[in-house]
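Following: one structure in structure tokens, then a few remarks.
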Amino acid sequence: MSKLATLAEAVATIPSGAHVALSGFAITRCNMAFAREVIRQGIRGLTVSQCVGAMDADLLVGAGAVERIIYGGGSLDRFGRLNCVNRGIEEGTLVAEEYSSLSMAFRYLAGSLGLPFIPIRSLRGSDILRRLQEIAPSEVSTVDDPFTGENWLVLKPLVPDVAVVQVQVADEEGNAWIYGPRWDNEEQVKASQRAIVITERLVPTEVIRRDAERTVIPGFKVSHVVHLPFSAHPTSVYRIYDYDAEHIVRYAEATKTPEGVRKYLDEYVYGVKDHWDYLERVGGMKRLNDLVADPILGY
Amino acid sequence: MSKLATLAEAVATIPSGAHVALSGFAITRCNMAFAREVIRQGIRGLTVSQCVGAMDADLLVGAGAVERIIYGGGSLDRFGRLNCVNRGIEEGTLVAEEYSSLSMAFRYLAGSLGLPFIPIRSLRGSDILRRLQEIAPSEVSTVDDPFTGENWLVLKPLVPDVAVVQVQVADEEGNAWIYGPRWDNEEQVKASQRAIVITERLVPTEVIRRDAERTVIPGFKVSHVVHLPFSAHPTSVYRIYDYDAEHIVRYAEATKTPEGVRKYLDEYVYGVKDHWDYLERVGGMKRLNDLVADPILGY
Amino acid sequence: MTAYLEYTPLELMAAAGARELKDGEVVAVGIGLPVVASFLAKRTHAPNITILFELGVVDPEPVHTGVGLADPRVWYRAKVLSSFVDMLGTVLHRGLVDVGFLGGLETDMYGNLNTTLLGDPRGKFRHFVGSGGANDIASSARRTIIIIRHEARKLNQAVSFITSPGYLRGGGEREAARLRGGPSRLITDKAVFGFDPVSKRVRLESIHPGITLEDVLANMSFEPIVPDDLPVTEAPTAEQVRLIREEIDPEGMYSR
Amino acid sequence: MTAYLEYTPLELMAAAGARELKDGEVVAVGIGLPVVASFLAKRTHAPNITILFELGVVDPEPVHTGVGLADPRVWYRAKVLSSFVDMLGTVLHRGLVDVGFLGGLETDMYGNLNTTLLGDPRGKFRHFVGSGGANDIASSARRTIIIIRHEARKLNQAVSFITSPGYLRGGGEREAARLRGGPSRLITDKAVFGFDPVSKRVRLESIHPGITLEDVLANMSFEPIVPDDLPVTEAPTAEQVRLIREEIDPEGMYSR
């Protein structure tokens, strides 16, 4: 069954206040076109989660669409900090439930497997745990191992309302492949109630059937499939295109101040009518061609 | 670092009494050449485990090499029952810790992730659980979910001494790919202290690096790599060769009686000096060629 | 094209099983008649069901009949090839399997299934297949459909071993064990049964064409609830029979 | 080929880090100097170490320097491309990571690391990167190596926030928290430190060529244990410097 939809249609199914798991990691496979459309549609009060905070979450926070972020810390790698997320935390306008990469991944894993709780060694003795016990006491607890008597920290499963995942290849049913490392994306999708797949390449199901070991996202978890080239710009999509360093530098610079964020949003989000208009704004075909990945290197 | 070894060398590293996880499922990707060599070397008192009992375990039990089997039940599919395993259980000569597919998979998963225990909904209310509480009380317990107060059955992680896994493709370091469904094999290998990889095709690491998303077994878990074509015969290896129906029928018939088992072992295990001799005994190149898989169908 | 007005009891059971599936549902099946029933549903009224095999196979399109789940013939053209943890963990245990098909050596008036052993577990017994994924499906699927031969020794007073729990000893016992779902149908070669919503006891729903109530009751070891009006089970259509014989199970391995 | 007799402080730190790795070990690294140190070890005395990146990358062979773990440049020619659960779960949490490299905003005399915030967590503070996999590595690796700039504000009396636990408040505190391993080395651009086996306090091990004990102590906010004999840190060999500059970090992004 075809689940093809436009980006606007898919985004319109997300109510304000929903918990959205995002597939981005720092500056790669971020849901950028998705984030821009969420902002244009005025969706607010979101809870966003991801193991490592990325540019998609930062842009959403910068636009005031996010009330709570559940993440394991993050940055724009060498391009800088997640200025909007950090400012929100520093000014208290953003509730941050901060974990580590594995504790986030285990929370998604527990959600994906229908486990009631999952034990973990991480976080013990750290201020991350002390912080969590204050601001999110319902998410962490302890259990005595019935086999050894040892007391273990246990985490509550994470079950987002929807996972939005940027992939390289998908069919119209939502069966999808991810090239390169998958970080938390498979567990995010399988933990969530449903998934929106945003794909660079749309292939016939016939292609999926010829190499089904690659299918990390099964169609039956997917509610919408959006086929949208360069939808992760300015972040990278392994084997398809490289990150746009110049644009990310501009973003990192702009987001150092609230004024800069407003200007950036006016120019690249509110100031464009859709994704195609955005692509023209950031340099059009000529610029995008410079970013197309080398087939061997993958970037 | 090359870990290439002969089958005899790899098998010789397994002490009597060891816990060996086997990669077979019914009549596919079974460690048959491995089982035959274990029997020839006179290794005894093994504990064998696998989610679904298969022909590799049945042959080892038939030869008296196994003291305990930890499994989720099993058969030879339409070819018949696991006669040796069933007889051992019926006569009390084999200790059987019997689970279900998921409870076994979760025990391996917990072992692979270093979890102290893992909760599960399966087994409750069943005689499988009652049986386990009698014969393996140290492996199952209950824990109150600290988030809801609900009482959950929890299983102890399974950590085999060695996983023996039959794969289609591996390099000399043990980085390996499995085509087709992987059932419990990835969790078995990652839960075990080490793994012995038995591969149909040996490829340069260069090949592994070109399609690394497929690498489900990382070389650093592997102690030995055995390159041995048709090592799963008479069971199938997806995309390489089909099962040998005639031979499996012969086995299923022979194993109906202890005498039959002895005759089978004399002819196909003790009566052959090595794997190549075995391949001649079961029909040689002519027969094996009939089994070679069609590149499209995979069988 | 020949018209298929005749059908075998197994073909009728497959059609009855197919009828239980709603379009869009996720179905966990073992090999055999359940596969025939599921593919029949997918090729008729439920093209969007998702079919799962526990070892890590989703929506295959076999062109040859396999001897079991371990046969690569039944993996052909799958959309996903993964693992037990993926199928039974992230789909079944996670709560996404709508229907599970189960068979067995014997069942009882509460739909408890035995696939493990016959005889006295503490004394003399014969050991069979065991659970595989059956117990997991019986514990976590939203509902299960039992398909079994209609014989007194298979429709038993009590089972020698509960491999896959149905409603245990009835009433609220299954709920108390906090198992999800439970058996919704019991399909034999003589009749279709349901389960009483309160007592959870097996209740006759329809009798197959040409079968009498006496045949049904004489060949089972427990008393099902028998309602006053007893419809006749819908026979498979000629098209359903054709699909089974020409496309789904041409060798008749599971349906003849 | 030019002889590399000169080296930068960062190149010296990379060489000192590389020296800590034994052949055959499994090493979890973040981006930056630890990657340079690990690749240097792999190309010299430890060809069989396994290098892991938390997001799901094993033993890559980059030909271009990346801006971080998210840069496909550093995934090039990996042997495994998987996930957090695979790297941090089945390898690290399972107990298979021998060495983890960690850096941070500041550390204290027990090797506790802060990558989260500076200031008063309850009042005014600046928020930075947070943990990523750092806390996980600090909790489950068999030993960790801290690499940090030698400045008074980075080698602090106490850290504002313990992101990644070292020995907590020393003695048996880390063991009591049942964390695996702990920091084995603290490498700065002026010296190499270890940790006292009993008190777990930072102890000076060697001072880099051309640096005085005064330089070392004057630029840290806590008192390390200072043993009587203080060797000079081994300088990187010309070959090590050549490898760093020509092959591992030709753009000098992390080592100049």
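To be explicit about the labels: the chains of the structure tokens are called A, B, and onward in the order shown, and within each one the residues are counted from 1, while ligands get numbers from 1 in the order they are shown.
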
I'd like the contact shell of region 234-240 of chain A - 9 Å cut-off, only C-alpha atoms, skipping same-chain residues fewer than 5 positions apart - returned as a compact mmCIF listing (two decimals) with C-alpha atoms, in the first residue's frame.
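Final output, saved to part_36.txt:
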# COMPACT_ATOMS: atom_id res chain seq x y z
CA GLY A 24 19.89 13.38 13.05
CA ALA A 26 25.23 16.35 14.89
CA ILE A 27 25.46 17.33 11.21
CA THR A 28 24.43 14.16 9.39
CA ARG A 29 21.03 12.76 8.26
CA CYS A 30 19.24 15.54 10.13
CA ASN A 31 15.52 16.13 9.43
CA MET A 32 16.14 19.65 8.19
CA MET A 55 21.07 20.41 13.92
CA GLN A 166 15.97 10.55 7.09
CA VAL A 167 17.08 7.63 4.93
CA GLN A 168 18.87 7.05 1.63
CA ILE A 178 20.14 3.21 5.86
CA TYR A 179 23.69 3.34 4.46
CA GLY A 180 26.51 3.98 6.88
CA GLU A 200 16.43 10.72 -0.84
CA ALA A 245 30.12 23.54 5.37
CA GLU A 246 29.58 27.16 4.35
CA HIS A 247 25.92 27.04 5.28
CA ILE A 248 26.53 25.30 8.61
CA VAL A 282 20.89 28.15 -0.63
CA LEU A 291 27.80 18.58 -2.65
CA VAL A 292 26.90 15.38 -4.53
CA ALA A 293 28.81 12.48 -2.99
CA ASP A 294 31.61 10.63 -4.71
CA PRO A 295 30.36 7.06 -5.32
CA ILE A 296 33.46 5.49 -3.78
CA LEU A 297 34.13 7.85 -0.88
CA GLY A 298 30.45 8.30 -0.01
CA TYR A 299 30.89 12.04 0.69
CA ALA D 70 29.24 12.68 12.18
CA ASP D 71 31.51 13.26 9.20
CA PRO D 72 31.42 10.38 6.66

Exercise: Val159 (chain C) partners within 10 Å, only C-alpha atoms, chain neighbours under 6 positions left out, as number ranges by chain: C: 105-109, 111-115, 117-119, 153

Filtered DSSP result for region 71-249 of chain B, state strand (DSSP E or B), as a PyMOL selection string: chain B and resi 71+74+76+78+95-98+118-120+140-144+151-155+162-170+176-177+183+195-202+215-217+222-227+236-237+241

I need the contact residues of chain A against chain D, so if you could list those with any atom within 8 Å, counting only C-alpha atoms, and return them as a short mmCIF file (atom, residue, chain, number, x, y, z; two decimals) with N, CA and C atoms, in the first residue's frame, that would help.
data_model
loop_
_atom_site.label_atom_id
_atom_site.label_comp_id
_atom_site.auth_asym_id
_atom_site.auth_seq_id
_atom_site.Cartn_x
_atom_site.Cartn_y
_atom_site.Cartn_z
N PHE A 25 22.20 13.14 13.69
CA PHE A 25 23.34 13.01 14.60
C PHE A 25 24.28 14.17 14.25
N ALA A 26 24.38 15.17 15.14
CA ALA A 26 25.23 16.35 14.89
C ALA A 26 24.90 16.99 13.54
N ILE A 27 25.68 16.68 12.51
CA ILE A 27 25.46 17.33 11.21
C ILE A 27 25.27 16.31 10.09
N THR A 28 24.67 15.13 10.44
CA THR A 28 24.43 14.16 9.39
C THR A 28 23.04 13.54 9.50
N CYS A 51 19.57 10.36 20.51
CA CYS A 51 20.71 10.00 21.37
C CYS A 51 21.71 11.13 21.48
N VAL A 52 22.06 11.70 20.32
CA VAL A 52 23.00 12.81 20.30
C VAL A 52 22.34 13.99 19.60
N GLY A 72 21.23 12.98 24.74
CA GLY A 72 22.46 12.61 25.43
C GLY A 72 23.56 13.63 25.26
N GLY A 73 23.18 14.89 25.05
CA GLY A 73 24.16 15.92 24.75
C GLY A 73 24.41 15.96 23.26
N GLY A 74 25.08 17.00 22.78
CA GLY A 74 25.33 17.09 21.34
C GLY A 74 25.98 18.38 20.91
N SER A 75 26.35 18.44 19.64
CA SER A 75 27.02 19.63 19.09
C SER A 75 26.88 19.62 17.58
N ASP A 77 29.57 19.25 15.88
CA ASP A 77 30.96 18.85 15.69
C ASP A 77 31.84 20.09 15.66
N ARG A 78 32.84 20.15 14.80
CA ARG A 78 33.79 21.28 14.83
C ARG A 78 33.14 22.62 14.45
N PHE A 79 31.93 22.56 13.91
CA PHE A 79 31.28 23.82 13.51
C PHE A 79 30.77 24.60 14.71
N ARG A 81 28.67 24.72 18.84
CA ARG A 81 27.74 24.15 19.81
C ARG A 81 26.33 24.16 19.24
N LEU A 82 25.40 23.50 19.94
CA LEU A 82 23.98 23.61 19.60
C LEU A 82 23.52 24.88 20.32
N ASN A 86 21.51 25.02 23.82
CA ASN A 86 22.25 25.46 25.01
C ASN A 86 21.66 26.73 25.61
N ARG A 87 21.28 27.69 24.75
CA ARG A 87 20.69 28.93 25.26
C ARG A 87 19.39 28.62 26.00
N ILE A 89 18.56 25.94 27.52
CA ILE A 89 18.86 25.30 28.81
C ILE A 89 19.37 26.35 29.79
N GLU A 90 20.28 27.21 29.31
CA GLU A 90 20.86 28.24 30.20
C GLU A 90 19.80 29.22 30.69
N GLU A 98 18.68 15.23 30.25
CA GLU A 98 19.96 14.92 29.64
C GLU A 98 20.49 13.57 30.10
N TYR A 99 20.83 12.71 29.13
CA TYR A 99 21.33 11.36 29.39
C TYR A 99 22.72 11.21 28.79
N SER A 100 23.08 9.96 28.49
CA SER A 100 24.30 9.67 27.74
C SER A 100 23.83 8.92 26.48
N SER A 101 24.74 8.70 25.53
CA SER A 101 24.35 8.02 24.29
C SER A 101 23.73 6.65 24.57
N LEU A 102 24.39 5.85 25.42
CA LEU A 102 23.89 4.49 25.65
C LEU A 102 22.60 4.48 26.47
N SER A 103 22.50 5.36 27.45
CA SER A 103 21.27 5.34 28.25
C SER A 103 20.08 5.74 27.38
N ALA A 105 20.00 5.19 24.05
CA ALA A 105 19.82 4.05 23.14
C ALA A 105 19.11 2.90 23.85
N PHE A 106 19.45 2.66 25.11
CA PHE A 106 18.78 1.59 25.88
C PHE A 106 17.31 1.94 26.14
N LEU A 109 15.71 1.12 22.96
CA LEU A 109 15.73 -0.33 22.78
C LEU A 109 14.63 -0.99 23.62
N ARG A 121 24.62 0.13 33.49
CA ARG A 121 25.72 0.50 34.41
C ARG A 121 26.00 2.00 34.33
N SER A 122 25.73 2.61 33.14
CA SER A 122 26.03 4.03 32.96
C SER A 122 25.27 4.92 33.95
N LEU A 123 25.72 6.16 34.04
CA LEU A 123 25.09 7.23 34.83
C LEU A 123 25.35 7.17 36.34
N ARG A 124 25.61 5.97 36.88
CA ARG A 124 25.86 5.87 38.32
C ARG A 124 26.98 6.80 38.76
N GLY A 125 26.77 7.45 39.88
CA GLY A 125 27.82 8.29 40.46
C GLY A 125 27.98 9.62 39.76
N SER A 126 27.23 9.85 38.67
CA SER A 126 27.39 11.10 37.92
C SER A 126 26.34 12.14 38.31
N ASP A 127 26.62 13.39 37.96
CA ASP A 127 25.64 14.45 38.18
C ASP A 127 24.52 14.37 37.14
N ILE A 128 24.77 13.61 36.05
CA ILE A 128 23.70 13.41 35.06
C ILE A 128 22.54 12.71 35.77
N GLY A 180 25.63 3.40 5.87
CA GLY A 180 26.51 3.98 6.88
C GLY A 180 26.02 3.57 8.26
N PRO A 181 26.65 4.13 9.31
CA PRO A 181 26.20 3.80 10.67
C PRO A 181 24.76 4.27 10.87
N ARG A 182 24.02 3.52 11.71
CA ARG A 182 22.59 3.83 11.91
C ARG A 182 22.33 4.49 13.27
N TRP A 183 23.40 4.71 14.05
CA TRP A 183 23.31 5.20 15.45
C TRP A 183 22.05 4.70 16.13
N ASP A 184 21.10 5.57 16.51
CA ASP A 184 19.92 5.09 17.24
C ASP A 184 18.69 4.92 16.37
N SER A 236 24.74 16.20 6.02
CA SER A 236 25.14 15.23 5.00
C SER A 236 24.24 13.99 5.00
N TYR A 238 25.16 10.21 3.85
CA TYR A 238 26.21 9.31 3.37
C TYR A 238 25.83 8.66 2.04
N LEU A 297 33.91 7.28 -2.21
CA LEU A 297 34.13 7.85 -0.88
C LEU A 297 32.85 7.91 -0.06
N GLY A 298 31.72 8.19 -0.73
CA GLY A 298 30.45 8.30 -0.01
C GLY A 298 30.19 9.68 0.56
N TYR A 299 31.07 10.64 0.26
CA TYR A 299 30.89 12.04 0.69
C TYR A 299 31.41 12.99 -0.37
#

Nearest candidate to chain A (options B:Leu113, B:Ala195, B:Ala35, B:Leu132; using only C-alpha atoms):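 That would be B:Leu113, the residue with the smallest distance to chain A.
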
In region 66-100 of chain B, DSSP alpha helix (DSSP H) residues written as an NGL selection string: :B and (83-91)

Residues of the last selection are to be written out with N, CA and C atoms, as an mmCIF file, in the first residue's frame.
data_model
loop_
_atom_site.group_PDB
_atom_site.id
_atom_site.type_symbol
_atom_site.label_atom_id
_atom_site.label_comp_id
_atom_site.auth_asym_id
_atom_site.auth_seq_id
_atom_site.Cartn_x
_atom_site.Cartn_y
_atom_site.Cartn_z
ATOM 1 N N ASN B 83 15.135 -36.901 16.657
ATOM 2 C CA ASN B 83 15.021 -38.196 17.331
ATOM 3 C C ASN B 83 15.994 -38.396 18.473
ATOM 4 N N CYS B 84 17.243 -37.988 18.274
ATOM 5 C CA CYS B 84 18.254 -38.206 19.318
ATOM 6 C C CYS B 84 17.976 -37.335 20.531
ATOM 7 N N VAL B 85 17.625 -36.065 20.290
ATOM 8 C CA VAL B 85 17.308 -35.158 21.397
ATOM 9 C C VAL B 85 16.078 -35.670 22.140
ATOM 10 N N ASN B 86 15.028 -35.995 21.398
ATOM 11 C CA ASN B 86 13.798 -36.453 22.045
ATOM 12 C C ASN B 86 14.024 -37.732 22.841
ATOM 13 N N ARG B 87 14.779 -38.683 22.247
ATOM 14 C CA ARG B 87 15.040 -39.945 22.959
ATOM 15 C C ARG B 87 15.803 -39.669 24.246
ATOM 16 N N GLY B 88 16.787 -38.772 24.148
ATOM 17 C CA GLY B 88 17.579 -38.434 25.331
ATOM 18 C C GLY B 88 16.707 -37.860 26.437
ATOM 19 N N ILE B 89 15.757 -37.006 26.036
ATOM 20 C CA ILE B 89 14.859 -36.402 27.027
ATOM 21 C C ILE B 89 13.929 -37.467 27.601
ATOM 22 N N GLU B 90 13.390 -38.322 26.709
ATOM 23 C CA GLU B 90 12.452 -39.354 27.169
ATOM 24 C C GLU B 90 13.135 -40.345 28.110
ATOM 25 N N GLU B 91 14.392 -40.673 27.819
ATOM 26 C CA GLU B 91 15.103 -41.663 28.637
ATOM 27 C C GLU B 91 15.873 -41.049 29.788
#

Residues near Pro250 (chain D), cut-off 12 Å, only C-alpha atoms, skip fewer than 3 positions along chain, as a ChimeraX atom specification: /D:36,62-66,241-247,253-256

12 Å contact set for Ala37 (chain D), only C-alpha atoms, chain neighbours under 3 positions out, as number ranges by chain: D: 10-21, 27-34, 40-46, 49, 51, 100-101, 145, 147, 187, 236, 240-241, 243-244, 248-249, 254-255

Contacts of chain B with chain A up to 10 Å, shortest pair per row, only C-alpha atoms, as a tab-separated table:
residue	atom	partner	partner_atom	distance
B:Phe106	CA	A:Leu113	CA	9.8
B:Leu113	CA	A:Ile120	CA	9.5
B:Gly114	CA	A:Ile120	CA	8.7
B:Leu115	CA	A:Pro119	CA	6.4
B:Pro116	CA	A:Asp145	CA	6.7
B:Phe117	CA	A:Asp145	CA	7.0
B:Ile118	CA	A:Ile118	CA	7.4
B:Pro119	CA	A:Leu115	CA	6.4
B:Ile120	CA	A:Leu115	CA	7.0
B:Arg121	CA	A:Leu115	CA	8.7
B:Ser138	CA	A:Phe147	CA	7.2
B:Glu139	CA	A:Phe147	CA	8.0
B:Val140	CA	A:Phe147	CA	8.4
B:Ser141	CA	A:Pro146	CA	6.5
B:Thr142	CA	A:Pro146	CA	7.2
B:Val143	CA	A:Pro146	CA	7.1
B:Asp144	CA	A:Val143	CA	8.0
B:Asp145	CA	A:Pro116	CA	6.7
B:Pro146	CA	A:Ser141	CA	6.5
B:Phe147	CA	A:Ser138	CA	7.2
B:Thr148	CA	A:Pro116	CA	8.5
B:Glu150	CA	A:Pro116	CA	9.1
B:Trp152	CA	A:Pro116	CA	8.4
B:Val154	CA	A:Pro146	CA	8.6
B:Leu155	CA	A:Phe147	CA	9.2
B:Lys156	CA	A:Phe147	CA	7.3
B:Ile178	CA	A:Glu213	CA	8.7
B:Tyr179	CA	A:Glu213	CA	7.0
B:Gly180	CA	A:Glu213	CA	6.5
B:Pro181	CA	A:Glu213	CA	7.4
B:Arg182	CA	A:Glu213	CA	9.1
B:Arg210	CA	A:Ile296	CA	8.9
B:Asp211	CA	A:Gly180	CA	9.2
B:Ala212	CA	A:Gly180	CA	8.0
B:Glu213	CA	A:Gly180	CA	6.5
B:Arg214	CA	A:Arg214	CA	7.7
B:Ile296	CA	A:Arg210	CA	8.8

Residue nearest Gln157 (chain D) among D:Pro224, D:Gly252, D:Pro9, D:Pro231 (counting only C-alpha atoms): D:Pro224

Neighbour list for region 222-226 of chain A as a ChimeraX atom specification, cut-off 10 Å, only C-alpha atoms, skip fewer than 3 positions in-chain: /A:2-11,13,34,162-166,170-176,189-190,192-202,217-219,229,231

For region 37-44 of chain B: contacts at 10 Å, only C-alpha atoms, fewer than 4 positions along chain excluded, given as a list of chain:residue names: B:Leu7, B:Ala8, B:Ala10, B:Val11, B:Ala12, B:Ile14, B:Pro15, B:Ser16, B:Gly17, B:Ala18, B:Met32, B:Ala33, B:Leu59, B:Leu60, B:Val61, B:Gly62, B:Ala63, B:Gly64, B:Ala65, B:Val66, B:Glu67, B:Leu265, B:Val269, B:Tyr270, B:Gly271, B:Val272, B:Lys273, B:Asp274, B:His275
